[in-house]
Structures are given as C-alpha cells and as structure tokens.
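File shown: input_1.txt (compact mmCIF, C-alpha atoms and all ligand atoms).
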```txt
# COMPACT_ATOMS: atom_id res chain seq x y z
CA MET A 1 126.49 99.19 113.27
CA ARG A 2 127.48 95.91 111.75
CA ARG A 3 127.35 94.61 115.28
CA HIS A 4 123.99 96.12 115.60
CA ILE A 5 122.55 94.22 112.70
CA ALA A 6 124.13 90.97 113.73
CA ARG A 7 122.60 91.38 117.14
CA ALA A 8 119.23 92.03 115.57
CA TRP A 9 119.43 88.78 113.80
CA THR A 10 120.67 86.67 116.58
CA GLY A 11 117.47 87.83 118.20
CA ALA A 12 115.36 86.65 115.32
CA VAL A 13 117.13 83.32 115.17
CA ALA A 14 116.80 82.76 118.87
CA LEU A 15 113.10 83.44 118.67
CA ALA A 16 112.35 81.32 115.65
CA ALA A 17 114.56 78.39 116.47
CA GLY A 18 113.78 78.41 120.15
CA ALA A 19 117.46 78.68 120.94
CA ALA A 20 118.23 80.03 124.38
CA VAL A 21 121.85 80.92 124.01
CA LEU A 22 121.92 84.37 122.50
CA PRO A 23 121.66 87.67 124.29
CA LEU A 24 118.70 89.72 123.11
CA ALA A 25 119.22 92.81 125.18
CA ALA A 26 121.07 95.60 123.45
CA PRO A 27 122.53 98.52 125.35
CA GLY A 28 119.70 100.94 125.89
CA SER A 29 117.07 98.65 124.48
CA ALA A 30 115.59 97.48 127.74
CA VAL A 31 114.30 100.83 128.93
CA ALA A 32 113.69 103.27 126.15
CA ASP A 33 112.47 101.03 123.37
CA SER A 34 108.81 101.18 122.79
CA VAL A 35 108.47 100.09 119.22
CA VAL A 36 106.98 98.23 114.09
CA ILE A 37 106.76 99.93 117.46
CA GLY A 38 104.14 102.51 118.13
CA GLY A 39 102.01 101.33 115.27
CA GLY A 40 99.13 98.97 114.93
CA PRO A 41 97.84 96.01 112.94
CA VAL A 42 97.03 96.51 109.25
CA GLN A 43 95.70 94.21 106.54
CA VAL A 44 98.17 93.00 103.94
CA SER A 45 95.30 92.91 101.44
CA GLU A 46 95.31 96.71 101.58
CA HIS A 47 99.09 96.90 101.23
CA PRO A 48 99.77 93.90 98.96
CA TRP A 49 103.31 95.05 98.08
CA VAL A 50 104.45 94.17 101.63
CA VAL A 51 105.92 90.66 101.67
CA ALA A 52 107.68 88.47 104.20
CA ILE A 53 111.06 86.92 103.41
CA ALA A 54 111.23 83.47 104.92
CA SER A 55 113.18 80.27 105.39
CA ARG A 56 111.71 77.57 107.59
CA ASP A 57 115.00 75.68 107.47
CA ARG A 58 116.86 78.62 108.99
CA PHE A 59 114.23 80.22 111.24
CA GLY A 60 111.72 77.52 112.11
CA GLY A 61 108.15 77.12 110.99
CA THR A 62 106.10 78.75 113.72
CA ARG A 63 105.86 82.09 111.92
CA SER A 64 106.24 80.68 108.38
CA GLY A 65 110.01 81.11 108.71
CA GLN A 66 109.74 84.91 108.44
CA PHE A 67 112.95 86.80 109.16
CA CYS A 68 112.78 89.97 107.05
CA GLY A 69 110.40 92.09 105.00
CA GLY A 70 110.40 93.13 101.38
CA ALA A 71 108.54 95.17 98.78
CA VAL A 72 107.12 93.96 95.46
CA VAL A 73 108.61 96.26 92.80
CA SER A 74 107.61 94.27 89.73
CA ARG A 75 105.51 91.16 89.18
CA THR A 76 108.61 89.00 89.48
CA THR A 77 110.93 91.02 91.72
CA VAL A 78 111.07 91.98 95.39
CA LEU A 79 113.42 94.47 97.01
CA THR A 80 114.76 93.63 100.46
CA ALA A 81 117.80 94.60 102.51
CA ALA A 82 121.17 93.20 101.45
CA HIS A 83 121.95 92.38 105.07
CA CYS A 84 118.91 90.08 105.11
CA VAL A 85 120.60 87.70 102.70
CA ASP A 86 124.09 87.75 104.15
CA SER A 87 125.54 84.94 106.20
CA GLY A 88 125.50 87.05 109.36
CA VAL A 89 121.72 86.88 109.31
CA LEU A 90 121.21 83.50 107.67
CA GLY A 91 123.84 81.74 109.77
CA VAL A 92 125.15 80.01 106.63
CA PRO A 93 126.07 81.30 103.16
CA LEU A 94 123.04 82.14 101.04
CA SER A 95 123.95 79.33 98.63
CA GLU A 96 123.22 76.83 101.39
CA VAL A 97 119.70 78.12 102.00
CA ARG A 98 117.49 75.86 99.91
CA ASP A 99 114.09 77.18 100.89
CA LEU A 100 114.26 80.96 100.56
CA LYS A 101 110.69 82.15 100.01
CA VAL A 102 108.73 85.30 99.47
CA ILE A 103 105.35 85.21 101.18
CA ALA A 104 102.69 87.49 99.71
CA GLY A 105 99.14 88.02 100.91
CA ARG A 106 99.61 86.35 104.28
CA ASN A 107 98.56 88.62 107.11
CA ASP A 108 99.02 86.14 109.93
CA LEU A 109 102.24 84.17 109.66
CA ARG A 110 100.71 81.25 111.60
CA THR A 111 98.35 80.58 108.68
CA SER A 112 98.91 79.35 105.13
CA GLU A 113 96.91 82.08 103.42
CA GLY A 114 98.30 83.89 100.38
CA ASP A 115 101.18 82.80 98.20
CA GLU A 116 104.50 81.32 99.11
CA ILE A 117 106.85 81.75 96.19
CA THR A 118 110.30 80.31 95.68
CA VAL A 119 113.11 82.80 95.16
CA SER A 120 114.92 81.78 91.99
CA ASN A 121 117.67 84.39 92.05
CA VAL A 122 119.19 86.88 94.49
CA ARG A 123 121.13 89.90 93.35
CA THR A 124 122.83 91.92 96.06
CA ASN A 125 123.40 95.57 95.24
CA PRO A 126 127.01 95.62 93.98
CA GLU A 127 127.47 98.90 95.85
CA TYR A 128 126.38 97.44 99.20
CA ASN A 129 129.01 98.04 101.84
CA SER A 130 128.46 95.76 104.81
CA SER A 131 130.69 97.79 107.11
CA THR A 132 128.96 101.15 106.53
CA ASN A 133 125.65 99.54 105.53
CA SER A 134 125.49 101.87 102.53
CA GLY A 135 123.34 100.61 99.66
CA ASP A 136 121.65 97.97 101.82
CA ALA A 137 119.48 96.35 99.16
CA ALA A 138 119.06 93.10 97.31
CA LEU A 139 116.73 92.15 94.49
CA LEU A 140 114.96 88.79 94.72
CA THR A 141 113.59 87.19 91.56
CA LEU A 142 110.43 85.14 91.99
CA ALA A 143 109.83 81.78 90.35
CA LYS A 144 106.20 82.75 89.72
CA PRO A 145 104.77 86.21 88.98
CA LEU A 146 102.54 88.06 91.42
CA PRO A 147 99.49 90.04 90.27
CA GLU A 148 100.25 93.46 88.82
CA SER A 149 98.11 95.01 91.55
CA TYR A 150 100.74 94.01 94.14
CA VAL A 151 103.44 96.19 92.60
CA ILE A 152 104.42 99.50 94.23
CA PRO A 153 106.27 102.16 92.24
CA VAL A 154 109.76 103.08 93.43
CA ALA A 155 110.38 106.78 94.09
CA GLY A 156 112.86 108.42 91.77
CA ARG A 157 115.66 110.72 92.77
CA GLY A 158 114.31 114.07 93.91
CA ASP A 159 110.79 112.69 94.44
CA ALA A 160 108.69 115.05 96.57
CA ALA A 161 108.00 112.16 98.96
CA TYR A 162 111.57 112.53 100.27
CA ARG A 163 110.95 116.03 101.56
CA ALA A 164 111.45 116.41 105.31
CA GLY A 165 108.11 116.47 107.09
CA THR A 166 106.41 114.03 104.72
CA ILE A 167 104.34 111.39 106.49
CA ALA A 168 105.42 107.85 105.66
CA ALA A 169 104.41 104.38 106.79
CA VAL A 170 106.69 101.49 107.66
CA TYR A 171 105.44 97.89 107.58
CA GLY A 172 106.62 94.65 109.06
CA TRP A 173 106.24 91.53 111.17
CA GLY A 174 109.15 92.48 113.42
CA ASP A 175 109.54 93.22 117.08
CA THR A 176 106.71 95.37 118.44
CA THR A 177 108.24 96.13 121.84
CA GLY A 178 112.00 96.28 121.43
CA GLY A 179 112.15 93.30 123.72
CA GLY A 180 111.86 90.45 121.23
CA GLN A 181 108.08 90.32 120.79
CA TYR A 182 107.83 89.34 117.14
CA ALA A 183 104.47 90.03 115.54
CA ASN A 184 102.38 87.24 114.08
CA SER A 185 100.39 89.64 111.94
CA LEU A 186 101.42 92.61 109.84
CA HIS A 187 101.92 95.93 111.65
CA ALA A 188 102.54 99.45 110.42
CA ALA A 189 103.54 102.73 112.00
CA HIS A 190 103.45 106.26 110.68
CA VAL A 191 106.69 108.17 110.88
CA HIS A 192 107.95 111.44 109.43
CA VAL A 193 110.66 111.72 106.86
CA LEU A 194 113.32 113.69 108.73
CA ALA A 195 115.98 116.04 107.38
CA ASP A 196 119.29 114.34 106.63
CA THR A 197 120.91 116.62 109.21
CA VAL A 198 118.85 114.96 111.97
CA CYS A 199 120.39 111.57 111.24
CA GLU A 200 123.81 113.05 110.51
CA GLU A 201 123.77 114.45 114.04
CA ALA A 202 122.35 111.27 115.57
CA TYR A 203 124.76 109.00 113.72
CA PRO A 204 128.00 110.91 113.09
CA GLY A 205 130.02 107.74 112.84
CA SER A 206 130.30 106.33 116.33
CA ALA A 207 129.58 102.73 117.33
CA ASP A 208 125.97 103.09 116.16
CA GLY A 209 127.05 103.69 112.58
CA LYS A 210 127.33 106.61 110.20
CA TYR A 211 124.44 108.15 108.31
CA LEU A 212 125.16 108.69 104.61
CA ALA A 213 122.54 110.90 102.97
CA ALA A 214 123.30 109.79 99.42
CA THR A 215 122.26 106.21 100.08
CA MET A 216 120.11 106.40 103.21
CA VAL A 217 116.86 108.02 104.35
CA CYS A 218 116.16 109.26 107.87
CA ALA A 219 112.68 108.73 109.34
CA GLY A 220 111.07 108.58 112.74
CA GLU A 221 109.59 110.82 115.36
CA ARG A 222 111.61 113.37 117.30
CA GLN A 223 110.11 112.16 120.56
CA GLY A 224 110.66 108.53 119.61
CA GLY A 225 108.03 105.87 120.16
CA LYS A 226 107.36 104.97 116.51
CA ASP A 227 109.89 103.05 114.50
CA ALA A 228 110.81 99.87 112.73
CA CYS A 229 112.61 97.26 114.81
CA GLN A 230 114.41 93.92 114.55
CA GLY A 231 112.72 91.61 112.07
CA ASP A 232 111.36 94.49 110.01
CA SER A 233 114.52 94.84 107.94
CA GLY A 234 114.09 94.98 104.21
CA GLY A 235 110.47 96.03 104.63
CA PRO A 236 108.99 99.04 102.90
CA LEU A 237 108.89 102.70 103.90
CA VAL A 238 106.14 104.23 101.79
CA ALA A 239 105.09 107.83 101.22
CA GLN A 240 102.63 109.28 98.74
CA GLY A 241 102.05 105.83 97.29
CA ARG A 242 105.69 105.25 96.43
CA LEU A 243 108.46 103.14 97.92
CA ILE A 244 111.02 105.55 99.38
CA GLY A 245 113.04 103.26 101.65
CA LEU A 246 113.78 99.82 103.04
CA VAL A 247 114.21 99.20 106.77
CA SER A 248 117.96 99.03 107.32
CA TRP A 249 119.27 100.01 110.77
CA GLY A 250 118.99 102.19 113.86
CA SER A 251 120.12 102.38 117.44
CA GLY A 252 117.63 100.43 119.50
CA CYS A 253 114.05 101.00 118.39
CA GLY A 254 111.87 104.05 118.85
CA ARG A 255 114.33 105.87 121.05
CA PRO A 256 114.16 109.67 121.12
CA GLY A 257 117.05 111.15 119.13
CA ARG A 258 117.71 107.83 117.41
CA PRO A 259 115.64 107.79 114.19
CA GLY A 260 115.30 104.82 111.90
CA VAL A 261 117.71 104.63 108.98
CA TYR A 262 116.39 103.29 105.68
CA THR A 263 118.04 102.34 102.41
CA ARG A 264 117.29 105.12 99.93
CA ALA A 265 115.06 103.38 97.38
CA SER A 266 115.70 105.91 94.60
CA ASP A 267 119.39 105.14 94.82
CA VAL A 268 119.14 101.37 94.60
CA ALA A 269 116.39 101.45 91.99
CA LYS A 270 118.93 102.88 89.61
CA ILE A 271 121.71 100.48 90.57
CA LEU A 272 119.49 97.44 90.28
CA ARG A 273 118.05 98.72 87.00
CA ILE A 274 114.53 98.03 88.07
CA ARG A 275 113.24 100.98 86.19
CA GLY A 276 115.52 100.98 83.20
N1 LIG A 301 118.58 95.66 111.42
C1 LIG A 301 117.22 95.42 111.81
C2 LIG A 301 116.74 94.16 111.17
O1 LIG A 301 117.54 93.45 110.66
C3 LIG A 301 116.34 96.57 111.51
C4 LIG A 301 116.51 97.60 112.52
C5 LIG A 301 115.74 98.81 112.26
N2 LIG A 301 115.84 99.58 113.43
C6 LIG A 301 115.24 100.74 113.63
N3 LIG A 301 115.36 101.27 114.79
N4 LIG A 301 114.54 101.33 112.70
O2 LIG A 301 115.58 93.79 111.27
```
Go ahead and render the structure in this file as structure tokens.
Ligand code: ARG
Amino acid sequence: MRRHIARAWTGAVALAAGAAVLPLAAPGSAVADSVVIGGGPVQVSEHPWVVAIASRDRFGGTRSGQFCGGAVVSRTTVLTAAHCVDSGVLGVPLSEVRDLKVIAGRNDLRTSEGDEITVSNVRTNPEYNSSTNSGDAALLTLAKPLPESYVIPVAGRGDAAYRAGTIAAVYGWGDTTGGGQYANSLHAAHVHVLADTVCEEAYPGSADGKYLAATMVCAGERQGGKDACQGDSGGPLVAQGRLIGLVSWGSGCGRPGRPGVYTRASDVAKILRIRG
C-alpha cells in the first residue's frame, strides 16, 4: 500500500511538472477505474471547508500547485493526510518545501480567486504509521485565520454519521478518470459509509494494504464507480455535516469490491487535540 501511495504521487508530479518519465498505469487501473470519480462539479463556496494543499515549487503552477486536499477544522488549522507531507509525495523533505500553501475559496485552480495562505507549521500525527498507513493525518497551521464560516466540525467517536449505510460526500481536485485526468475545478461524489467488515475482506493485508477499523473508515459503492482517486488525498469525507474521514488510500479507483479507505477523523481529532 505504501507502493500504492507513492505511485499515486508520482502520477501527480508527472502531471504537474510535465515530466514524462514516470509510469502512471497501476495494475488494474486501466480498465476498471471509472472515478473524485463518478461525481460531478460542485462550488467551493457551498463547501468552504474544502481546501487545496499546494506547492508551486514542487508541482508546477498550472493548477496552483495543488497536490492534495484538506479540511478546515478551525480558523487557523487544516487537517490533511500525513502521507501528503512526506518526502515520498513531496520528492524532498518537508523542511525543504518553502512554499507550502493552503488554498481556500478557489473553485478553479487555474484562477487566483479565494485565499492562498502560507502554512506556518505542520504537525504529523505521532501515531501515523507509514507502512500500514494507520493514522494518516497531519495538522497544518495557517499564518492567517480563515472565516469562522469555513470551519467544519469533526465527528466524535461513536458519531451516528459513521453508521454503515450513511450517505457521505468526498471532495477533491484529483483524478476524475483513474487515468491521470486531474480536475481543474472542485468535484464531489456521494458514497456510502460501508461496514468495516467490507474493507476487512477487501483489504486483509495483501499487497493492497490492510484495513484497520480503529483508525480507518471504509466508504464507496459495492458496484464501484464512485470513489476518491489520486490527488484527492487528505480531502474531506463528510456526512451529516461533520468531517468523518480524510482520503487516504485504495486499490485503483472506483473498482467494484475495492472501496476507498479514509483516515478515521474521530481518531485523529483526539490525537491532534483539535477539540480539547
Ligand atoms: N493515495 C491517493 C492520493 O494520494 C488517494 C487514493 C484514494 N484512492 C481511492 N481509491 N479512494 O491522492
């Protein structure tokens, strides 16, 4: 699964930097992937807690340097995936990235609308395990506060929104086809929260990775077709008005029997002490 994420990101780098060297095709991704796949365009003004994580230095300026998503959890903090700020994705250690930004209120990444805010501090979840991908979360501190209206509450442990069958939405500027078509504007797809057993059976610990219910959330559609995809990582999974997950990993995108795996927001909220 580590491999999986690295591959995702080589894809993003290749796209943004115009590099031609890296293989995009993943096993199984060419045929079955239909991917935010299976959703449609939405307006960031209606979902202001969705932000892009960006570095023009690392990923080029065409799409504002976007390479991951995030969720505004307080006026000065954004949750994203821990793997988004590791050197596997960034290509260099985080300390060497001088222009890490959070972009809020920008629907189309080719424009300069909204706010581009410098990240003044990054705190990776101390319980993040990059080999199992457990606890895949990092907290970004913003140099300038966002409006209170941008903030989305984080679901607590045992929140009803985690119940299997709940409808959730996933947001991002990532691949919409599974073939490296990165979106210029924000997309969202509706998916169902699935029982942990569905992902435990899909991901028992083979090459794709192992699903760990304590720190991960399973969501998707049994028949496939709707999912997050590469470039959506760190972005929000929202149900009943609360943040329940962050895009973390999966096998391909939108494949039947291969749901999306999300960082369990209630778990990291506690670790990162966002909510006291
Ligand atoms: N690791 C990917 C990224 O960095 C996210 C993959 C999510 N995949 C999925 N099928 N839900 O953007």
Contacts of range 155-163 of chain A at 9 Å or less, counting all atoms listed in the file, minus same-chain residues fewer than 6 places along, as a PyMOL selection string?
chain A and resi 193-195+217+238-245+265-267+269-270
Mind dumping the selected residues with C-alpha atoms as an mmCIF file, in the frame of the given file?
```cif
data_model
loop_
_atom_site.group_PDB
_atom_site.id
_atom_site.type_symbol
_atom_site.label_atom_id
_atom_site.label_comp_id
_atom_site.auth_asym_id
_atom_site.auth_seq_id
_atom_site.Cartn_x
_atom_site.Cartn_y
_atom_site.Cartn_z
ATOM 1 C CA VAL A 193 110.660 111.720 106.860
ATOM 2 C CA LEU A 194 113.320 113.690 108.730
ATOM 3 C CA ALA A 195 115.980 116.040 107.380
ATOM 4 C CA VAL A 217 116.860 108.020 104.350
ATOM 5 C CA VAL A 238 106.140 104.230 101.790
ATOM 6 C CA ALA A 239 105.090 107.830 101.220
ATOM 7 C CA GLN A 240 102.630 109.280 98.740
ATOM 8 C CA GLY A 241 102.050 105.830 97.290
ATOM 9 C CA ARG A 242 105.690 105.250 96.430
ATOM 10 C CA LEU A 243 108.460 103.140 97.920
ATOM 11 C CA ILE A 244 111.020 105.550 99.380
ATOM 12 C CA GLY A 245 113.040 103.260 101.650
ATOM 13 C CA ALA A 265 115.060 103.380 97.380
ATOM 14 C CA SER A 266 115.700 105.910 94.600
ATOM 15 C CA ASP A 267 119.390 105.140 94.820
ATOM 16 C CA ALA A 269 116.390 101.450 91.990
ATOM 17 C CA LYS A 270 118.930 102.880 89.610
#
```
Ranking A:Thr177, A:Gly39, A:Gln230, A:Ala82 by minimum distance to Ser131 in chain A and counting all atoms listed in the file, which one comes first?
A:Ala82
Contact table chain A vs ligand LIG 301 (chain A), cut-off 6 Å, shortest pair per residue, all atoms listed in the file, as a Markdown table:
```
| residue | atom | partner | partner_atom | distance |
| --- | --- | --- | --- | --- |
| A:Ile5 | CA | A:LIG301 | N1 | 4.4 |
| A:Ala8 | CA | A:LIG301 | O1 | 5.4 |
| A:Trp9 | CA | A:LIG301 | O1 | 5.9 |
| A:Asp227 | CA | A:LIG301 | N4 | 5.3 |
| A:Ala228 | CA | A:LIG301 | N4 | 4.0 |
| A:Cys229 | CA | A:LIG301 | N2 | 4.2 |
| A:Gln230 | CA | A:LIG301 | O2 | 3.5 |
| A:Gly231 | CA | A:LIG301 | O2 | 3.7 |
| A:Asp232 | CA | A:LIG301 | O2 | 4.5 |
| A:Ser233 | CA | A:LIG301 | O2 | 3.6 |
| A:Val247 | CA | A:LIG301 | C5 | 5.7 |
| A:Ser248 | CA | A:LIG301 | C3 | 5.1 |
| A:Trp249 | CA | A:LIG301 | C5 | 4.0 |
| A:Gly250 | CA | A:LIG301 | N3 | 3.9 |
| A:Ser251 | CA | A:LIG301 | N3 | 5.6 |
| A:Gly252 | CA | A:LIG301 | N3 | 5.3 |
| A:Cys253 | CA | A:LIG301 | N3 | 3.8 |
| A:Gly260 | CA | A:LIG301 | N4 | 3.7 |
| A:Val261 | CA | A:LIG301 | N4 | 5.9 |
```
Could you pull the residues within 12 Å of Pro93 in chain A, counting all atoms listed in the file, minus those fewer than 5 positions along the same chain, as a ChimeraX atom specification?
/A:58,83-88,98
Env of range 140-147 of chain A: 6 Å cut, atoms = only C-alpha atoms, seq-sep filter 2 positions within chain, self excluded. Answer as a list in words.
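Contacts, in chain order: Arg75, Thr76, Thr77, Val78, Thr118, Val119, Ser120, Asn121, Val122, Ser149 and Tyr150 of chain A.
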For a quick check of your reading of the model, name the residues lying within 12 Å of the coordinate (115.9, 110.3, 120.2), counting all atoms listed in the file, and write them as a short mmCIF file (atom, residue, chain, number, x, y, z; two decimals) with C-alpha atoms, in the coordinates of the input.
```cif
data_model
loop_
_atom_site.label_atom_id
_atom_site.label_comp_id
_atom_site.auth_asym_id
_atom_site.auth_seq_id
_atom_site.Cartn_x
_atom_site.Cartn_y
_atom_site.Cartn_z
CA GLY A 28 119.70 100.94 125.89
CA ALA A 32 113.69 103.27 126.15
CA ASP A 33 112.47 101.03 123.37
CA SER A 34 108.81 101.18 122.79
CA VAL A 198 118.85 114.96 111.97
CA CYS A 199 120.39 111.57 111.24
CA GLU A 201 123.77 114.45 114.04
CA ALA A 202 122.35 111.27 115.57
CA TYR A 203 124.76 109.00 113.72
CA ALA A 219 112.68 108.73 109.34
CA GLY A 220 111.07 108.58 112.74
CA GLU A 221 109.59 110.82 115.36
CA ARG A 222 111.61 113.37 117.30
CA GLN A 223 110.11 112.16 120.56
CA GLY A 224 110.66 108.53 119.61
CA GLY A 225 108.03 105.87 120.16
CA LYS A 226 107.36 104.97 116.51
CA ASP A 227 109.89 103.05 114.50
CA GLY A 250 118.99 102.19 113.86
CA SER A 251 120.12 102.38 117.44
CA GLY A 252 117.63 100.43 119.50
CA CYS A 253 114.05 101.00 118.39
CA GLY A 254 111.87 104.05 118.85
CA ARG A 255 114.33 105.87 121.05
CA PRO A 256 114.16 109.67 121.12
CA GLY A 257 117.05 111.15 119.13
CA ARG A 258 117.71 107.83 117.41
CA PRO A 259 115.64 107.79 114.19
CA GLY A 260 115.30 104.82 111.90
#
```
When you draw a straight line from CA of Thr80 in chain A to CA of Gln43 in chain A, how long is it in Å?
20.0 Å
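The nearest approach to Tyr128 in chain A among the residues A:Arg264, A:His192, A:His187, A:Lys101, with only C-alpha atoms taken into account, belongs to A:Arg264.
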Tell me which protein, DNA and RNA residues are within 9 Å of Gly135 in chain A, counting only C-alpha atoms, leaving out same-chain ones fewer than 5 positions away, and put them as an MDAnalysis selection string.
chainID A and resid 81:82 125:130 215:216 263:264 267:268
From the set A:Val170, A:Phe67, A:Ala214, A:Gly180, which residue has the shortest atom-to-atom contact distance to Asp196 in chain A, counting all atoms listed in the file?
A:Ala214
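Distances from A:Ala188, A:Leu94, A:Leu246, A:Ala138 to Arg123 in chain A were compared using all atoms listed in the file, and the smallest one belongs to A:Ala138.
Excluding range 54-56 of chain A itself and any same-chain residue fewer than 4 positions from it, the protein and nucleic acid residues within 10 Å of it, counting all atoms listed in the file, are A:Ala16, A:Ala17, A:Gly60, A:Gly61, A:Thr62, A:Arg63, A:Ser64, A:Gly65, A:Gln66, A:Phe67, A:Cys68, A:Gly69, A:Leu90, A:Val97, A:Arg98, A:Asp99, A:Leu100, A:Lys101, A:Val102, A:Ile103, A:Glu116, A:Ile117, A:Thr118, A:Val119.
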How many Å lie between CA of Ser185 in chain A and CA of Tyr262 in chain A, rounded to one decimal?
21.9 Å
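With CA of Leu139 in chain A on one side and CA of Pro204 in chain A on the other, the separation reads 28.7 Å.
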With distances taken over only C-alpha atoms, which residue among A:Gly179, A:Pro153, A:Gly235, A:Gly165 lies nearest Val191 in chain A?
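Answer, going by the shortest atom-to-atom distance: A:Gly165.
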